>>> print(open('structure.pdb').read())   # PDB, C-alpha atoms, pLDDT in the B column
ATOM      1  CA  MET H  44     -23.823  39.190   5.563  1.00 48.00           C
ATOM      2  CA  LYS H  45     -22.532  42.649   6.572  1.00 47.00           C
ATOM      3  CA  ILE H  46     -24.036  42.246  10.044  1.00 46.00           C
ATOM      4  CA  ARG H  47     -22.325  38.862  10.437  1.00 45.00           C
ATOM      5  CA  TYR H  48     -18.856  40.225   9.582  1.00 43.00           C
ATOM      6  CA  ALA H  49     -19.479  43.241  11.834  1.00 48.00           C
ATOM      7  CA  LEU H  50     -20.236  40.956  14.770  1.00 42.00           C
ATOM      8  CA  LEU H  51     -17.141  38.880  14.028  1.00 42.00           C
ATOM      9  CA  GLY H  52     -15.077  42.045  14.137  1.00 50.00           C
ATOM     10  CA  VAL H  53     -16.548  43.102  17.485  1.00 47.00           C
ATOM     11  CA  ILE H  54     -15.650  39.813  19.150  1.00 47.00           C
ATOM     12  CA  ARG H  55     -12.285  39.790  17.340  1.00 49.00           C
ATOM     13  CA  LEU H  56     -12.973  36.771  15.178  1.00 47.00           C
ATOM     14  CA  SER H  57     -12.344  36.513  11.481  1.00 51.00           C
ATOM     15  CA  PRO H  58     -13.621  34.013   8.902  1.00 52.00           C
ATOM     16  CA  SER H  59     -11.608  30.794   8.883  1.00 55.00           C
ATOM     17  CA  LYS H  60      -8.731  30.600   6.434  1.00 62.00           C
ATOM     18  CA  LYS H  61      -7.450  27.461   4.769  1.00 66.00           C
ATOM     19  CA  THR H  62      -4.158  26.266   6.210  1.00 67.00           C
ATOM     20  CA  ILE H  63      -1.725  23.763   4.726  1.00 69.00           C
ATOM     21  CA  ASN H  64      -1.078  20.812   7.031  1.00 72.00           C
ATOM     22  CA  LYS H  65       2.273  19.209   6.255  1.00 76.00           C
ATOM     23  CA  ILE H  66       1.746  15.521   6.972  1.00 80.00           C
ATOM     24  CA  LEU H  67       5.112  14.165   5.776  1.00 82.00           C
ATOM     25  CA  ARG H  68       8.441  15.868   6.517  1.00 82.00           C
ATOM     26  CA  ASP H  69      11.575  15.167   4.452  1.00 81.00           C
ATOM     27  CA  VAL H  70      10.719  11.502   3.923  1.00 82.00           C
ATOM     28  CA  ASN H  71      13.253   9.632   1.820  1.00 82.00           C
ATOM     29  CA  GLY H  72      14.589   6.127   1.513  1.00 83.00           C
ATOM     30  CA  ILE H  73      15.137   3.130  -0.724  1.00 83.00           C
ATOM     31  CA  VAL H  74      12.858   0.109  -0.957  1.00 84.00           C
ATOM     32  CA  ARG H  75      14.798  -2.752  -2.466  1.00 83.00           C
ATOM     33  CA  PRO H  76      13.124  -4.908  -5.143  1.00 82.00           C
ATOM     34  CA  SER H  77      11.609  -8.299  -4.325  1.00 87.00           C
ATOM     35  CA  ARG H  78      11.155  -7.327  -0.684  1.00 91.00           C
ATOM     36  CA  MET H  79       8.022  -7.153   1.473  1.00 93.00           C
ATOM     37  CA  THR H  80       8.066  -4.139   3.769  1.00 94.00           C
ATOM     38  CA  LEU H  81       5.854  -3.523   6.799  1.00 94.00           C
ATOM     39  CA  LEU H  82       4.802   0.087   7.337  1.00 94.00           C
ATOM     40  CA  LEU H  83       4.152   0.866  11.006  1.00 92.00           C
ATOM     41  CA  GLY H  84       3.222   4.008  12.887  1.00 89.00           C
ATOM     42  CA  PRO H  85       0.593   5.449  15.228  1.00 86.00           C
ATOM     43  CA  LEU H  86      -2.584   7.063  13.956  1.00 83.00           C
ATOM     44  CA  GLY H  87      -1.828  10.328  12.179  1.00 81.00           C
ATOM     45  CA  SER H  88       1.812   9.460  11.508  1.00 85.00           C
ATOM     46  CA  GLY H  89       1.373   9.715   7.730  1.00 85.00           C
ATOM     47  CA  LYS H  90       1.205   6.056   6.680  1.00 88.00           C
ATOM     48  CA  ALA H  91      -1.742   6.445   4.296  1.00 86.00           C
ATOM     49  CA  THR H  92      -0.295   9.634   2.811  1.00 86.00           C
ATOM     50  CA  LEU H  93       3.067   7.965   2.197  1.00 87.00           C
ATOM     51  CA  LEU H  94       1.427   5.038   0.417  1.00 86.00           C
ATOM     52  CA  LYS H  95      -0.696   7.378  -1.704  1.00 85.00           C
ATOM     53  CA  GLY H  96       2.401   9.367  -2.619  1.00 83.00           C
ATOM     54  CA  LEU H  97       4.340   6.264  -3.630  1.00 83.00           C
ATOM     55  CA  ALA H  98       1.365   5.075  -5.693  1.00 79.00           C
ATOM     56  CA  GLY H  99       1.101   8.429  -7.460  1.00 75.00           C
ATOM     57  CA  LYS H 100      -2.327   9.162  -5.964  1.00 77.00           C
ATOM     58  CA  LEU H 101      -1.410  12.574  -4.560  1.00 74.00           C
ATOM     59  CA  ASN H 102      -1.056  13.978  -8.066  1.00 63.00           C
ATOM     60  CA  ARG H 103      -3.601  13.801 -10.831  1.00 54.00           C
ATOM     61  CA  VAL H 104      -2.419  10.611 -12.449  1.00 50.00           C
ATOM     62  CA  GLY H 105      -4.698   8.805 -14.894  1.00 55.00           C
ATOM     63  CA  THR H 106      -5.945   5.271 -14.446  1.00 57.00           C
ATOM     64  CA  ILE H 107      -4.044   2.338 -15.889  1.00 58.00           C
ATOM     65  CA  TYR H 108      -6.617   2.146 -18.673  1.00 59.00           C
ATOM     66  CA  GLU H 109      -5.975   5.756 -19.647  1.00 66.00           C
ATOM     67  CA  MET H 110      -2.221   5.161 -19.595  1.00 66.00           C
ATOM     68  CA  LEU H 111      -2.553   2.111 -21.848  1.00 67.00           C
ATOM     69  CA  ALA H 112      -4.715   4.093 -24.278  1.00 70.00           C
ATOM     70  CA  LYS H 113      -2.152   6.912 -24.305  1.00 72.00           C
ATOM     71  CA  LEU H 114       0.666   4.413 -24.856  1.00 71.00           C
ATOM     72  CA  SER H 115      -1.225   2.891 -27.788  1.00 74.00           C
ATOM     73  CA  ARG H 116      -1.731   6.321 -29.391  1.00 77.00           C
ATOM     74  CA  CYS H 117       1.954   7.184 -28.976  1.00 77.00           C
ATOM     75  CA  GLU H 118       3.016   3.874 -30.520  1.00 73.00           C
ATOM     76  CA  LYS H 119       0.789   4.445 -33.531  1.00 76.00           C
ATOM     77  CA  GLY H 120       2.049   8.020 -33.863  1.00 79.00           C
ATOM     78  CA  VAL H 121       5.682   6.954 -34.189  1.00 78.00           C
ATOM     79  CA  GLY H 122       4.989   3.758 -36.099  1.00 78.00           C
ATOM     80  CA  ILE H 123       5.917   1.297 -33.342  1.00 75.00           C
ATOM     81  CA  LYS H 124       4.379  -2.166 -33.555  1.00 73.00           C
ATOM     82  CA  PRO H 125       4.374  -3.804 -30.091  1.00 69.00           C
ATOM     83  CA  ASP H 126       5.068  -7.486 -29.622  1.00 67.00           C
ATOM     84  CA  PRO H 127       1.678  -9.194 -30.201  1.00 68.00           C
ATOM     85  CA  GLU H 128       1.990 -11.639 -27.300  1.00 61.00           C
ATOM     86  CA  ILE H 129       3.081  -9.030 -24.739  1.00 61.00           C
ATOM     87  CA  ASP H 130       0.460  -6.572 -25.952  1.00 65.00           C
ATOM     88  CA  ALA H 131      -2.290  -9.193 -25.711  1.00 62.00           C
ATOM     89  CA  PHE H 132      -1.190 -10.231 -22.214  1.00 57.00           C
ATOM     90  CA  MET H 133      -1.181  -6.659 -20.873  1.00 60.00           C
ATOM     91  CA  LYS H 134      -4.612  -5.892 -22.285  1.00 60.00           C
ATOM     92  CA  ALA H 135      -6.073  -9.185 -21.084  1.00 58.00           C
ATOM     93  CA  THR H 136      -4.898  -8.629 -17.508  1.00 55.00           C
ATOM     94  CA  VAL H 137      -5.954  -4.993 -17.049  1.00 55.00           C
ATOM     95  CA  LEU H 138      -8.743  -4.031 -19.436  1.00 52.00           C
ATOM     96  CA  ALA H 139     -12.273  -3.811 -18.046  1.00 46.00           C
ATOM     97  CA  GLY H 140     -14.678  -6.586 -18.958  1.00 45.00           C
ATOM     98  CA  GLN H 141     -12.113  -9.383 -18.687  1.00 46.00           C
ATOM     99  CA  GLU H 142     -13.827 -11.661 -16.173  1.00 43.00           C
ATOM    100  CA  THR H 143     -11.099 -14.215 -15.756  1.00 47.00           C
ATOM    101  CA  SER H 144      -7.522 -15.004 -16.651  1.00 56.00           C
ATOM    102  CA  LEU H 145      -4.949 -17.622 -15.812  1.00 55.00           C
ATOM    103  CA  VAL H 146      -3.258 -15.280 -13.344  1.00 57.00           C
ATOM    104  CA  THR H 147      -6.528 -14.434 -11.598  1.00 60.00           C
ATOM    105  CA  ASP H 148      -7.486 -18.094 -11.309  1.00 64.00           C
ATOM    106  CA  TYR H 149      -4.024 -18.922  -9.964  1.00 60.00           C
ATOM    107  CA  ILE H 150      -4.225 -16.273  -7.231  1.00 62.00           C
ATOM    108  CA  LEU H 151      -7.779 -17.235  -6.253  1.00 63.00           C
ATOM    109  CA  LYS H 152      -6.677 -20.871  -5.987  1.00 64.00           C
ATOM    110  CA  ILE H 153      -3.730 -20.094  -3.695  1.00 60.00           C
ATOM    111  CA  LEU H 154      -5.875 -17.861  -1.465  1.00 61.00           C
ATOM    112  CA  GLY H 155      -8.562 -20.534  -1.308  1.00 63.00           C
ATOM    113  CA  LEU H 156     -11.088 -18.123  -2.792  1.00 61.00           C
ATOM    114  CA  ASP H 157     -11.853 -20.044  -5.986  1.00 61.00           C
ATOM    115  CA  ILE H 158     -15.027 -21.522  -4.434  1.00 62.00           C
ATOM    116  CA  CYS H 159     -16.434 -18.040  -3.842  1.00 60.00           C
ATOM    117  CA  ALA H 160     -15.003 -16.277  -6.902  1.00 60.00           C
ATOM    118  CA  ASP H 161     -18.431 -15.315  -8.214  1.00 62.00           C
ATOM    119  CA  ILE H 162     -19.898 -14.101  -4.913  1.00 59.00           C
ATOM    120  CA  MET H 163     -20.489 -10.339  -4.784  1.00 58.00           C
ATOM    121  CA  VAL H 164     -18.726  -8.935  -1.712  1.00 52.00           C
ATOM    122  CA  THR H 165     -18.863  -5.213  -2.476  1.00 52.00           C
ATOM    123  CA  ASP H 166     -19.682  -3.259  -5.605  1.00 53.00           C
ATOM    124  CA  ASP H 167     -18.248  -4.045  -9.045  1.00 49.00           C
ATOM    125  CA  MET H 168     -15.810  -1.144  -8.971  1.00 42.00           C
ATOM    126  CA  ARG H 169     -14.089  -2.210  -5.763  1.00 44.00           C
ATOM    127  CA  ARG H 170     -13.868  -5.798  -6.918  1.00 44.00           C
ATOM    128  CA  ASP H 171     -12.300  -4.789 -10.229  1.00 43.00           C
ATOM    129  CA  ILE H 172      -9.770  -2.611  -8.414  1.00 41.00           C
ATOM    130  CA  SER H 173      -8.733  -5.500  -6.153  1.00 49.00           C
ATOM    131  CA  GLU H 174      -8.249  -7.885  -9.078  1.00 47.00           C
ATOM    132  CA  GLU H 175      -6.346  -5.275 -11.077  1.00 45.00           C
ATOM    133  CA  MET H 176      -3.987  -4.713  -8.159  1.00 49.00           C
ATOM    134  CA  LEU H 177      -3.133  -8.398  -7.871  1.00 52.00           C
ATOM    135  CA  VAL H 178      -2.942  -9.471 -11.512  1.00 49.00           C
ATOM    136  CA  GLY H 179      -2.068  -6.303 -13.405  1.00 52.00           C
ATOM    137  CA  PRO H 180       1.364  -5.783 -14.976  1.00 55.00           C
ATOM    138  CA  VAL H 181       2.810  -3.981 -11.951  1.00 64.00           C
ATOM    139  CA  LYS H 182       6.027  -4.551 -10.017  1.00 78.00           C
ATOM    140  CA  ALA H 183       5.239  -2.485  -6.911  1.00 84.00           C
ATOM    141  CA  LEU H 184       2.154  -2.789  -4.706  1.00 85.00           C
ATOM    142  CA  PHE H 185       1.185  -0.451  -1.856  1.00 89.00           C
ATOM    143  CA  MET H 186      -1.508  -1.679   0.548  1.00 88.00           C
ATOM    144  CA  ASP H 187      -3.080   0.255   3.406  1.00 88.00           C
ATOM    145  CA  GLU H 188      -4.556  -1.561   6.422  1.00 85.00           C
ATOM    146  CA  ILE H 189      -5.489  -4.770   4.592  1.00 82.00           C
ATOM    147  CA  SER H 190      -6.216  -6.543   7.896  1.00 80.00           C
ATOM    148  CA  THR H 191      -9.195  -4.356   8.835  1.00 77.00           C
ATOM    149  CA  GLY H 192     -12.086  -6.620   9.822  1.00 78.00           C
ATOM    150  CA  LEU H 193      -9.991  -9.804   9.620  1.00 80.00           C
ATOM    151  CA  ASP H 194      -8.924 -12.116  12.427  1.00 85.00           C
ATOM    152  CA  SER H 195      -5.230 -12.741  13.077  1.00 87.00           C
ATOM    153  CA  SER H 196      -5.259 -16.180  11.422  1.00 88.00           C
ATOM    154  CA  THR H 197      -6.731 -14.860   8.162  1.00 86.00           C
ATOM    155  CA  THR H 198      -4.322 -11.930   8.187  1.00 87.00           C
ATOM    156  CA  PHE H 199      -1.391 -14.324   8.611  1.00 90.00           C
ATOM    157  CA  GLN H 200      -2.529 -16.508   5.687  1.00 88.00           C
ATOM    158  CA  ILE H 201      -2.972 -13.504   3.362  1.00 87.00           C
ATOM    159  CA  VAL H 202       0.404 -11.985   4.264  1.00 90.00           C
ATOM    160  CA  LYS H 203       2.039 -15.406   3.876  1.00 90.00           C
ATOM    161  CA  PHE H 204       0.661 -15.609   0.332  1.00 86.00           C
ATOM    162  CA  MET H 205       1.832 -12.048  -0.348  1.00 87.00           C
ATOM    163  CA  LYS H 206       5.350 -13.040   0.667  1.00 90.00           C
ATOM    164  CA  GLN H 207       5.278 -15.980  -1.756  1.00 85.00           C
ATOM    165  CA  MET H 208       4.077 -13.635  -4.480  1.00 83.00           C
ATOM    166  CA  VAL H 209       6.910 -11.193  -3.706  1.00 86.00           C
ATOM    167  CA  HIS H 210       9.660 -13.772  -4.034  1.00 83.00           C
ATOM    168  CA  ILE H 211       8.208 -15.919  -6.832  1.00 79.00           C
ATOM    169  CA  MET H 212       6.861 -13.144  -9.076  1.00 79.00           C
ATOM    170  CA  ASP H 213       9.629 -10.630  -8.272  1.00 80.00           C
ATOM    171  CA  VAL H 214       7.212  -8.044  -6.852  1.00 84.00           C
ATOM    172  CA  THR H 215       7.933  -5.289  -4.318  1.00 88.00           C
ATOM    173  CA  MET H 216       5.326  -4.604  -1.625  1.00 91.00           C
ATOM    174  CA  ILE H 217       4.809  -2.072   1.142  1.00 92.00           C
ATOM    175  CA  ILE H 218       1.952  -3.065   3.455  1.00 92.00           C
ATOM    176  CA  SER H 219       0.539  -0.975   6.279  1.00 92.00           C
ATOM    177  CA  LEU H 220      -0.815  -2.976   9.222  1.00 89.00           C
ATOM    178  CA  LEU H 221      -2.113  -1.892  12.610  1.00 83.00           C
ATOM    179  CA  GLN H 222      -0.473  -3.987  15.349  1.00 85.00           C
ATOM    180  CA  PRO H 223       0.065  -7.254  13.428  1.00 90.00           C
ATOM    181  CA  PRO H 224       0.529 -10.411  15.542  1.00 90.00           C
ATOM    182  CA  PRO H 225       4.110 -11.691  16.041  1.00 92.00           C
ATOM    183  CA  GLU H 226       3.817 -14.526  13.500  1.00 94.00           C
ATOM    184  CA  THR H 227       2.645 -12.055  10.832  1.00 94.00           C
ATOM    185  CA  PHE H 228       5.350  -9.535  11.746  1.00 94.00           C
ATOM    186  CA  ASP H 229       8.030 -12.213  11.262  1.00 94.00           C
ATOM    187  CA  LEU H 230       6.950 -12.734   7.627  1.00 94.00           C
ATOM    188  CA  PHE H 231       8.190  -9.287   6.546  1.00 95.00           C
ATOM    189  CA  ASP H 232      11.645  -8.615   5.160  1.00 95.00           C
ATOM    190  CA  ASP H 233      11.887  -4.928   6.119  1.00 95.00           C
ATOM    191  CA  VAL H 234      10.207  -2.405   8.408  1.00 95.00           C
ATOM    192  CA  ILE H 235       9.469   1.294   7.976  1.00 94.00           C
ATOM    193  CA  LEU H 236       8.456   3.068  11.194  1.00 93.00           C
ATOM    194  CA  LEU H 237       6.859   6.514  10.926  1.00 91.00           C
ATOM    195  CA  SER H 238       6.342   9.041  13.705  1.00 88.00           C
ATOM    196  CA  LYS H 239       4.838  12.500  13.211  1.00 86.00           C
ATOM    197  CA  GLY H 240       5.471  12.381   9.488  1.00 87.00           C
ATOM    198  CA  GLN H 241       9.114  11.331   9.704  1.00 89.00           C
ATOM    199  CA  VAL H 242      10.898   8.019   9.206  1.00 91.00           C
ATOM    200  CA  VAL H 243      12.496   6.890  12.474  1.00 92.00           C
ATOM    201  CA  TYR H 244      13.551   3.487  11.152  1.00 94.00           C
ATOM    202  CA  GLN H 245      13.864   1.823   7.770  1.00 94.00           C
ATOM    203  CA  GLY H 246      15.733  -1.398   7.348  1.00 93.00           C
ATOM    204  CA  PRO H 247      15.716  -5.177   7.863  1.00 95.00           C
ATOM    205  CA  ARG H 248      13.137  -6.493  10.312  1.00 94.00           C
ATOM    206  CA  GLU H 249      15.698  -8.566  12.210  1.00 94.00           C
ATOM    207  CA  ASN H 250      17.812  -5.467  12.991  1.00 95.00           C
ATOM    208  CA  VAL H 251      15.074  -3.182  14.329  1.00 94.00           C
ATOM    209  CA  LEU H 252      15.490  -4.017  18.047  1.00 94.00           C
ATOM    210  CA  GLU H 253      19.282  -3.735  17.859  1.00 94.00           C
ATOM    211  CA  PHE H 254      18.958  -0.310  16.207  1.00 95.00           C
ATOM    212  CA  PHE H 255      16.705   1.121  18.909  1.00 94.00           C
ATOM    213  CA  GLU H 256      18.812  -0.402  21.679  1.00 94.00           C
ATOM    214  CA  ILE H 257      21.821   1.451  20.276  1.00 94.00           C
ATOM    215  CA  MET H 258      19.670   4.608  20.271  1.00 93.00           C
ATOM    216  CA  GLY H 259      18.914   4.048  23.985  1.00 94.00           C
ATOM    217  CA  PHE H 260      15.476   2.426  23.675  1.00 93.00           C
ATOM    218  CA  LYS H 261      15.589  -1.202  24.809  1.00 94.00           C
ATOM    219  CA  CYS H 262      12.532  -3.396  24.365  1.00 92.00           C
ATOM    220  CA  PRO H 263      11.358  -4.824  27.712  1.00 92.00           C
ATOM    221  CA  ASP H 264      11.631  -8.595  28.010  1.00 88.00           C
ATOM    222  CA  LYS H 265       7.881  -9.205  28.285  1.00 86.00           C
ATOM    223  CA  LYS H 266       6.848  -6.722  25.602  1.00 89.00           C
ATOM    224  CA  GLY H 267       6.098  -7.665  22.008  1.00 90.00           C
ATOM    225  CA  VAL H 268       8.210  -6.120  19.254  1.00 91.00           C
ATOM    226  CA  VAL H 269       5.264  -4.515  17.451  1.00 91.00           C
ATOM    227  CA  ASP H 270       3.853  -3.033  20.677  1.00 90.00           C
ATOM    228  CA  PHE H 271       7.325  -1.683  21.511  1.00 92.00           C
ATOM    229  CA  LEU H 272       7.706  -0.088  18.105  1.00 91.00           C
TER     230      LEU H 272
END
>>> encode(input="structure.pdb", output="structure tokens")
Amino acid sequence: MKIRYALLGVIRLSPSKKTINKILRDVNGIVRPSRMTLLLGPLGSGKATLLKGLAGKLNRVGTIYEMLAKLSRCEKGVGIKPDPEIDAFMKATVLAGQETSLVTDYILKILGLDICADIMVTDDMRRDISEEMLVGPVKALFMDEISTGLDSSTTFQIVKFMKQMVHIMDVTMIISLLQPPPETFDLFDDVILLSKGQVVYQGPRENVLEFFEIMGFKCPDKKGVVDFL
């Protein structure tokens, strides 16, 4: 070990030191409720990090099961008796071991997946996570690259269902997609565009071209909006 460090010193090299890479820079904004937002940006722009931050995954936050258990202990400690129907609904839709529910069946039916509901696609853990995300008692969903491995038609159908879910069930969604086709892009209410860890646009989808034209960047006539962005 001493010989190694001596050689490093001779050739003027030192052992590598950990450096902090700041992925996001002064990101702020408001996502309005009951809106479906498209998150766009080139590779390395910070999309995944932003979604993890919004979902509380950058800090050591417990799972929804741990939070429910903690809530139950706190209620018992202060003598609070929760509403039986609400309590039963929350536990039925998020606790492990619940194979089916009315909400799950409803979502599978709309997506056309009821005929393959019992087919194992990945491992149990990933499947449980996907069902929890869709049917759990949450009001905000953050999805990263959900179109990976899917054709444009399937992506359109899934995003179309997500939009119905947003407006019918009063849910807020931010979905990251890599170059969605025009018909899928038109389904979104708002757009967030990231570049080098900063937000360069956040607002209604229908105003994005007007905004950049005012900034001096006009979309060519034969170029798609997503490709331009």
>>> atom_distance(input="structure.pdb", atom1="CA of Pro76 (chain H)", atom2="CA of Ile211 (chain H)")
12.2 Å
>>> closest_residue(input="structure.pdb", among="H:Gln222, H:Ser77, H:Ser238, H:Thr92", to="Met186 (chain H)", atoms="all atoms listed in the file")
H:Thr92
>>> atom_distance(input="structure.pdb", atom1="CA of Glu188 (chain H)", atom2="CA of Leu83 (chain H)")
10.1 Å
>>> resolve_selection(input="structure.pdb", expression="the PyMOL selection byres ((chain H and resi 231) around 8)", output="list in words")
Met79, Thr80, Leu81, Lys206, Thr227, Phe228, Asp229, Leu230, Asp232, Asp233, Val234 and Arg248 of chain H
>>> closest_residue(input="structure.pdb", among="H:Leu272, H:Leu220, H:Ala98, H:Leu193", to="Tyr244 (chain H)", atoms="all atoms listed in the file")
H:Leu272
>>> closest_residue(input="structure.pdb", among="H:Pro85, H:Leu67, H:Glu226, H:His210", to="Thr198 (chain H)", atoms="only C-alpha atoms")
H:Glu226
>>> atom_distance(input="structure.pdb", atom1="CA of Thr215 (chain H)", atom2="CA of Ile189 (chain H)")
16.1 Å
>>> residues_near_point(input="structure.pdb", point="(17.8, 4.4, 1.6)", cutoff="12 Å", atoms="only C-alpha atoms", output="list in words")
Val70, Asn71, Gly72, Ile73, Val74, Arg75, Asp233, Ile235, Val242, Tyr244, Gln245, Gly246 and Pro247 of chain H
>>> resolve_selection(input="structure.pdb", expression="the PyMOL selection byres ((chain H and resi 66) around 10)", output="PyMOL selection string")
chain H and resi 63-65+67-68+87-90+92-93+239-241
>>> residues_around(input="structure.pdb", residues="Met212 (chain H)", least_positions_apart="4", cutoff="9 Å", atoms="only C-alpha atoms", output="ChimeraX atom specification")
/H:77,182,207-208
>>> closest_residue(input="structure.pdb", among="H:Asn250, H:Lys124, H:Pro223, H:Phe185", to="Gly99 (chain H)", atoms="all atoms listed in the file")
H:Phe185
>>> closest_residue(input="structure.pdb", among="H:Thr197, H:Val214, H:Phe254, H:Leu221", to="Val269 (chain H)", atoms="all atoms listed in the file")
H:Leu221
>>> residues_around(input="structure.pdb", residues="Lys261 (chain H)", least_positions_apart="4", cutoff="9 Å", atoms="all atoms listed in the file", output="compact mmCIF listing (two decimals) with C-alpha atoms, in the frame of the given file")
# COMPACT_ATOMS: atom_id res chain seq x y z
CA LEU H 252 15.49 -4.02 18.05
CA GLU H 253 19.28 -3.74 17.86
CA PHE H 255 16.70 1.12 18.91
CA GLU H 256 18.81 -0.40 21.68
CA ILE H 257 21.82 1.45 20.28
CA PHE H 271 7.32 -1.68 21.51
>>> decode(input="structure.pdb", residues="region 197-204 of chain H", atoms="all heavy atoms", output="compact mmCIF listing (two decimals), in the first residue's frame")
# COMPACT_ATOMS: atom_id res chain seq x y z
N THR H 197 -49.85 1.46 -28.07
CA THR H 197 -50.07 1.05 -26.68
C THR H 197 -49.82 2.21 -25.73
O THR H 197 -50.58 2.41 -24.77
CB THR H 197 -49.16 -0.13 -26.32
OG1 THR H 197 -49.37 -1.20 -27.24
CG2 THR H 197 -49.44 -0.62 -24.91
N THR H 198 -48.77 2.97 -26.01
CA THR H 198 -48.47 4.14 -25.18
C THR H 198 -49.63 5.13 -25.20
O THR H 198 -50.03 5.65 -24.16
CB THR H 198 -47.20 4.84 -25.68
OG1 THR H 198 -46.09 3.93 -25.61
CG2 THR H 198 -46.88 6.07 -24.83
N PHE H 199 -50.18 5.36 -26.38
CA PHE H 199 -51.33 6.28 -26.50
C PHE H 199 -52.51 5.79 -25.68
O PHE H 199 -53.15 6.59 -24.97
CB PHE H 199 -51.73 6.41 -27.98
CG PHE H 199 -52.99 7.19 -28.19
CD1 PHE H 199 -52.98 8.58 -28.15
CD2 PHE H 199 -54.20 6.54 -28.42
CE1 PHE H 199 -54.16 9.31 -28.34
CE2 PHE H 199 -55.37 7.25 -28.61
CZ PHE H 199 -55.35 8.64 -28.57
N GLN H 200 -52.83 4.50 -25.75
CA GLN H 200 -53.98 3.96 -25.03
C GLN H 200 -53.79 4.08 -23.52
O GLN H 200 -54.73 4.41 -22.78
CB GLN H 200 -54.20 2.49 -25.41
CG GLN H 200 -54.66 2.28 -26.85
CD GLN H 200 -56.00 2.94 -27.14
OE1 GLN H 200 -56.85 3.05 -26.26
NE2 GLN H 200 -56.19 3.37 -28.37
N ILE H 201 -52.56 3.82 -23.03
CA ILE H 201 -52.29 3.90 -21.59
C ILE H 201 -52.40 5.34 -21.12
O ILE H 201 -53.02 5.64 -20.09
CB ILE H 201 -50.92 3.32 -21.27
CG1 ILE H 201 -50.93 1.80 -21.48
CG2 ILE H 201 -50.50 3.64 -19.84
CD1 ILE H 201 -49.60 1.13 -21.28
N VAL H 202 -51.80 6.28 -21.86
CA VAL H 202 -51.84 7.68 -21.47
C VAL H 202 -53.27 8.21 -21.55
O VAL H 202 -53.69 9.03 -20.72
CB VAL H 202 -50.89 8.52 -22.35
CG1 VAL H 202 -51.03 10.02 -22.03
CG2 VAL H 202 -49.44 8.09 -22.13
N LYS H 203 -54.03 7.74 -22.52
CA LYS H 203 -55.44 8.14 -22.64
C LYS H 203 -56.22 7.72 -21.40
O LYS H 203 -57.04 8.48 -20.87
CB LYS H 203 -56.05 7.52 -23.89
CG LYS H 203 -57.49 7.95 -24.15
CD LYS H 203 -58.03 7.31 -25.43
CE LYS H 203 -59.47 7.71 -25.68
NZ LYS H 203 -60.00 7.07 -26.92
N PHE H 204 -55.97 6.48 -20.92
CA PHE H 204 -56.62 6.03 -19.70
C PHE H 204 -56.17 6.87 -18.50
O PHE H 204 -56.97 7.23 -17.64
CB PHE H 204 -56.29 4.56 -19.43
CG PHE H 204 -56.50 4.17 -17.99
CD1 PHE H 204 -57.78 4.05 -17.47
CD2 PHE H 204 -55.42 3.96 -17.15
CE1 PHE H 204 -57.98 3.71 -16.15
CE2 PHE H 204 -55.61 3.62 -15.83
CZ PHE H 204 -56.89 3.50 -15.32
